[in-house]
>>> print(open('model20.cif').read())   # mmCIF, N, CA, C and O atoms
data_model
#
loop_
_atom_site.label_atom_id
_atom_site.label_comp_id
_atom_site.auth_asym_id
_atom_site.auth_seq_id
_atom_site.Cartn_x
_atom_site.Cartn_y
_atom_site.Cartn_z
N MET A 1 82.33 88.37 197.39
CA MET A 1 82.01 87.78 196.11
C MET A 1 80.50 87.69 195.91
O MET A 1 80.03 87.93 194.81
N ASN A 2 79.76 87.36 196.97
CA ASN A 2 78.32 87.30 196.88
C ASN A 2 77.74 88.64 196.47
O ASN A 2 76.81 88.71 195.68
N SER A 3 78.31 89.68 197.02
CA SER A 3 77.81 91.03 196.72
C SER A 3 77.97 91.35 195.23
O SER A 3 77.10 91.98 194.64
N LEU A 4 79.06 90.91 194.64
CA LEU A 4 79.30 91.15 193.22
C LEU A 4 78.26 90.42 192.38
O LEU A 4 77.69 90.99 191.44
N PHE A 5 77.97 89.18 192.72
CA PHE A 5 76.96 88.42 191.98
C PHE A 5 75.57 89.02 192.16
O PHE A 5 74.78 89.08 191.22
N GLU A 6 75.27 89.50 193.36
CA GLU A 6 73.98 90.15 193.60
C GLU A 6 73.85 91.43 192.78
O GLU A 6 72.79 91.72 192.21
N THR A 7 74.93 92.18 192.71
CA THR A 7 74.94 93.41 191.91
C THR A 7 74.73 93.09 190.44
O THR A 7 73.95 93.76 189.75
N ILE A 8 75.41 92.09 189.94
CA ILE A 8 75.27 91.69 188.54
C ILE A 8 73.84 91.22 188.27
O ILE A 8 73.24 91.57 187.25
N THR A 9 73.27 90.45 189.19
CA THR A 9 71.89 89.97 189.05
C THR A 9 70.92 91.14 189.04
O THR A 9 69.99 91.19 188.22
N ASP A 10 71.15 92.11 189.94
CA ASP A 10 70.29 93.29 189.98
C ASP A 10 70.39 94.10 188.69
O ASP A 10 69.38 94.57 188.16
N LEU A 11 71.61 94.25 188.19
CA LEU A 11 71.81 94.98 186.94
C LEU A 11 71.12 94.28 185.77
O LEU A 11 70.50 94.93 184.92
N ALA A 12 71.20 92.96 185.73
CA ALA A 12 70.54 92.20 184.67
C ALA A 12 69.03 92.36 184.77
O ALA A 12 68.35 92.52 183.74
N SER A 13 68.51 92.34 185.97
CA SER A 13 67.07 92.51 186.16
C SER A 13 66.62 93.90 185.72
O SER A 13 65.60 94.07 185.03
N MET A 14 67.38 94.93 186.12
CA MET A 14 67.04 96.30 185.72
C MET A 14 67.14 96.48 184.21
O MET A 14 66.32 97.15 183.59
N SER A 15 68.14 95.84 183.62
CA SER A 15 68.31 95.91 182.17
C SER A 15 67.12 95.27 181.47
O SER A 15 66.61 95.81 180.47
N SER A 16 66.66 94.16 181.99
CA SER A 16 65.49 93.48 181.41
C SER A 16 64.25 94.36 181.54
O SER A 16 63.47 94.49 180.58
N ASN A 17 64.07 94.96 182.70
CA ASN A 17 62.92 95.86 182.90
C ASN A 17 62.99 97.05 181.95
O ASN A 17 61.98 97.47 181.38
N ASN A 18 64.19 97.60 181.79
CA ASN A 18 64.35 98.74 180.87
C ASN A 18 64.06 98.34 179.43
O ASN A 18 63.47 99.11 178.67
N ALA A 19 64.46 97.13 179.06
CA ALA A 19 64.19 96.65 177.70
C ALA A 19 62.68 96.51 177.48
O ALA A 19 62.16 96.89 176.41
N MET A 20 61.95 95.99 178.47
CA MET A 20 60.50 95.86 178.34
C MET A 20 59.83 97.22 178.25
O MET A 20 58.92 97.43 177.45
N THR A 21 60.31 98.18 179.05
CA THR A 21 59.76 99.53 179.00
C THR A 21 60.01 100.17 177.64
O THR A 21 59.11 100.81 177.07
N ALA A 22 61.20 99.97 177.11
CA ALA A 22 61.52 100.51 175.79
C ALA A 22 60.64 99.88 174.71
O ALA A 22 60.17 100.56 173.79
N GLU A 23 60.39 98.58 174.82
CA GLU A 23 59.53 97.89 173.85
C GLU A 23 58.10 98.42 173.93
O GLU A 23 57.45 98.64 172.90
N GLN A 24 57.61 98.62 175.14
CA GLN A 24 56.26 99.17 175.32
C GLN A 24 56.18 100.58 174.73
O GLN A 24 55.18 100.94 174.10
N ALA A 25 57.21 101.38 174.94
CA ALA A 25 57.23 102.73 174.39
C ALA A 25 57.23 102.69 172.86
O ALA A 25 56.54 103.48 172.21
N ALA A 26 57.99 101.77 172.29
CA ALA A 26 58.02 101.63 170.83
C ALA A 26 56.66 101.21 170.30
O ALA A 26 56.19 101.73 169.27
N ASN A 27 56.00 100.28 170.99
CA ASN A 27 54.66 99.85 170.57
C ASN A 27 53.67 101.00 170.65
O ASN A 27 52.83 101.18 169.76
N SER A 28 53.76 101.78 171.71
CA SER A 28 52.87 102.94 171.86
C SER A 28 53.11 103.95 170.76
O SER A 28 52.17 104.52 170.20
N THR A 29 54.36 104.17 170.42
CA THR A 29 54.71 105.10 169.34
C THR A 29 54.15 104.61 168.01
O THR A 29 53.58 105.41 167.23
N ASP A 30 54.26 103.33 167.74
CA ASP A 30 53.72 102.76 166.50
C ASP A 30 52.20 102.94 166.44
O ASP A 30 51.65 103.30 165.41
N THR A 31 51.54 102.68 167.56
CA THR A 31 50.09 102.83 167.62
C THR A 31 49.69 104.28 167.39
O THR A 31 48.76 104.56 166.61
N LEU A 32 50.38 105.20 168.03
CA LEU A 32 50.07 106.63 167.85
C LEU A 32 50.31 107.08 166.41
O LEU A 32 49.53 107.86 165.86
N GLN A 33 51.37 106.57 165.80
CA GLN A 33 51.66 106.92 164.41
C GLN A 33 50.55 106.42 163.50
O GLN A 33 50.09 107.14 162.60
N HIS A 34 50.10 105.20 163.72
CA HIS A 34 49.02 104.63 162.91
C HIS A 34 47.73 105.44 163.08
O HIS A 34 47.05 105.77 162.10
N GLN A 35 47.41 105.77 164.32
CA GLN A 35 46.20 106.55 164.58
C GLN A 35 46.30 107.94 163.98
O GLN A 35 45.31 108.49 163.47
N SER A 36 47.48 108.52 164.01
CA SER A 36 47.69 109.84 163.41
C SER A 36 47.49 109.79 161.90
O SER A 36 46.88 110.68 161.31
N GLN A 37 47.97 108.72 161.27
CA GLN A 37 47.79 108.56 159.83
C GLN A 37 46.31 108.38 159.49
O GLN A 37 45.82 108.95 158.50
N GLN A 38 45.59 107.62 160.30
CA GLN A 38 44.15 107.45 160.07
C GLN A 38 43.42 108.77 160.22
O GLN A 38 42.54 109.09 159.43
N LEU A 39 43.79 109.54 161.22
CA LEU A 39 43.16 110.84 161.44
C LEU A 39 43.44 111.77 160.26
O LEU A 39 42.54 112.49 159.81
N ALA A 40 44.64 111.74 159.74
CA ALA A 40 44.99 112.58 158.59
C ALA A 40 44.15 112.20 157.38
O ALA A 40 43.66 113.08 156.65
N ARG A 41 43.97 110.89 157.15
CA ARG A 41 43.14 110.45 156.01
C ARG A 41 41.69 110.88 156.19
O ARG A 41 41.05 111.36 155.25
N ARG A 42 41.17 110.71 157.40
CA ARG A 42 39.78 111.10 157.65
C ARG A 42 39.60 112.60 157.53
O ARG A 42 38.56 113.06 157.03
N THR A 43 40.58 113.35 157.96
CA THR A 43 40.52 114.80 157.83
C THR A 43 40.50 115.20 156.36
O THR A 43 39.73 116.07 155.95
N ALA A 44 41.33 114.55 155.55
CA ALA A 44 41.36 114.84 154.12
C ALA A 44 40.02 114.51 153.47
O ALA A 44 39.51 115.27 152.64
N LEU A 45 39.43 113.37 153.85
CA LEU A 45 38.13 113.00 153.30
C LEU A 45 37.06 114.02 153.69
O LEU A 45 36.22 114.40 152.87
N MET A 46 37.11 114.46 154.93
CA MET A 46 36.12 115.45 155.38
C MET A 46 36.32 116.77 154.65
O MET A 46 35.36 117.42 154.25
N GLN A 47 37.56 117.18 154.45
CA GLN A 47 37.83 118.42 153.73
C GLN A 47 37.32 118.33 152.29
O GLN A 47 36.77 119.30 151.76
N ASN A 48 37.48 117.17 151.67
CA ASN A 48 36.97 116.98 150.31
C ASN A 48 35.44 117.08 150.29
O ASN A 48 34.86 117.69 149.39
N ALA A 49 34.81 116.45 151.26
CA ALA A 49 33.35 116.50 151.33
C ALA A 49 32.86 117.92 151.56
O ALA A 49 31.90 118.38 150.93
N ILE A 50 33.52 118.64 152.44
CA ILE A 50 33.15 120.04 152.70
C ILE A 50 33.33 120.88 151.45
O ILE A 50 32.48 121.71 151.12
N SER A 51 34.41 120.63 150.73
CA SER A 51 34.66 121.37 149.50
C SER A 51 33.57 121.11 148.47
O SER A 51 33.08 122.04 147.80
N ARG A 52 33.18 119.84 148.34
CA ARG A 52 32.11 119.50 147.39
C ARG A 52 30.78 120.13 147.79
O ARG A 52 30.04 120.63 146.95
N LEU A 53 30.48 120.09 149.07
CA LEU A 53 29.24 120.72 149.54
C LEU A 53 29.27 122.23 149.31
O LEU A 53 28.26 122.82 148.93
N ASP A 54 30.44 122.82 149.54
CA ASP A 54 30.57 124.26 149.33
C ASP A 54 30.34 124.62 147.86
O ASP A 54 29.75 125.66 147.55
N GLN A 55 30.76 123.75 146.95
CA GLN A 55 30.55 124.00 145.52
C GLN A 55 29.07 123.91 145.16
O GLN A 55 28.62 124.55 144.21
N LEU A 56 28.32 123.13 145.92
CA LEU A 56 26.90 122.98 145.64
C LEU A 56 26.06 124.10 146.21
O LEU A 56 24.92 124.30 145.77
N VAL A 57 26.61 124.85 147.15
CA VAL A 57 25.85 125.94 147.75
C VAL A 57 25.48 126.95 146.67
O VAL A 57 26.31 127.37 145.89
N GLY A 58 24.24 127.30 146.62
CA GLY A 58 23.80 128.28 145.65
C GLY A 58 23.34 127.66 144.34
O GLY A 58 22.72 128.33 143.52
N ARG A 59 23.62 126.41 144.09
CA ARG A 59 23.20 125.76 142.86
C ARG A 59 21.74 125.33 142.92
O ARG A 59 21.09 125.21 141.90
N PHE A 60 21.31 125.04 144.12
CA PHE A 60 19.93 124.60 144.29
C PHE A 60 19.17 125.62 145.11
O PHE A 60 19.70 126.20 146.04
N GLU A 61 17.93 125.81 144.76
CA GLU A 61 17.10 126.77 145.46
C GLU A 61 15.90 126.03 146.02
O GLU A 61 15.25 125.27 145.32
N VAL A 62 15.66 126.24 147.29
CA VAL A 62 14.52 125.61 147.95
C VAL A 62 13.35 126.54 147.85
O VAL A 62 13.43 127.71 148.16
N SER A 63 12.22 126.01 147.37
CA SER A 63 11.05 126.88 147.27
C SER A 63 9.94 126.43 148.18
O SER A 63 9.92 125.37 148.70
#
>>> encode(input="model20.cif", output="structure tokens")
Amino acid sequence: MNSLFETITDLASMSSNNAMTAEQAANSTDTLQHQSQQLARRTALMQNAISRLDQLVGRFEVS
């Protein structure tokens, strides 16, 4: 009977550890998604700036 209770206790402990690992993985995924969205916005802003600079090329002449 002791062995059964020990097994149940071990299973509960492993389940708790697995739940914490899953939560950490979910938090990491959320963080990566947020950072990816920020990178996409910054990339779009840079592309817009490059496009505007490209339009200005040739409009001004340095003497």
>>> atom_distance(input="model20.cif", atom1="atom C of Leu11 (chain A)", atom2="atom O of Ala25 (chain A)")
21.9 Å
>>> atom_distance(input="model20.cif", atom1="CA of Ala26 (chain A)", atom2="CA of Gln38 (chain A)")
18.5 Å
>>> atom_distance(input="model20.cif", atom1="atom O of Ala19 (chain A)", atom2="atom N of Leu32 (chain A)")
16.7 Å
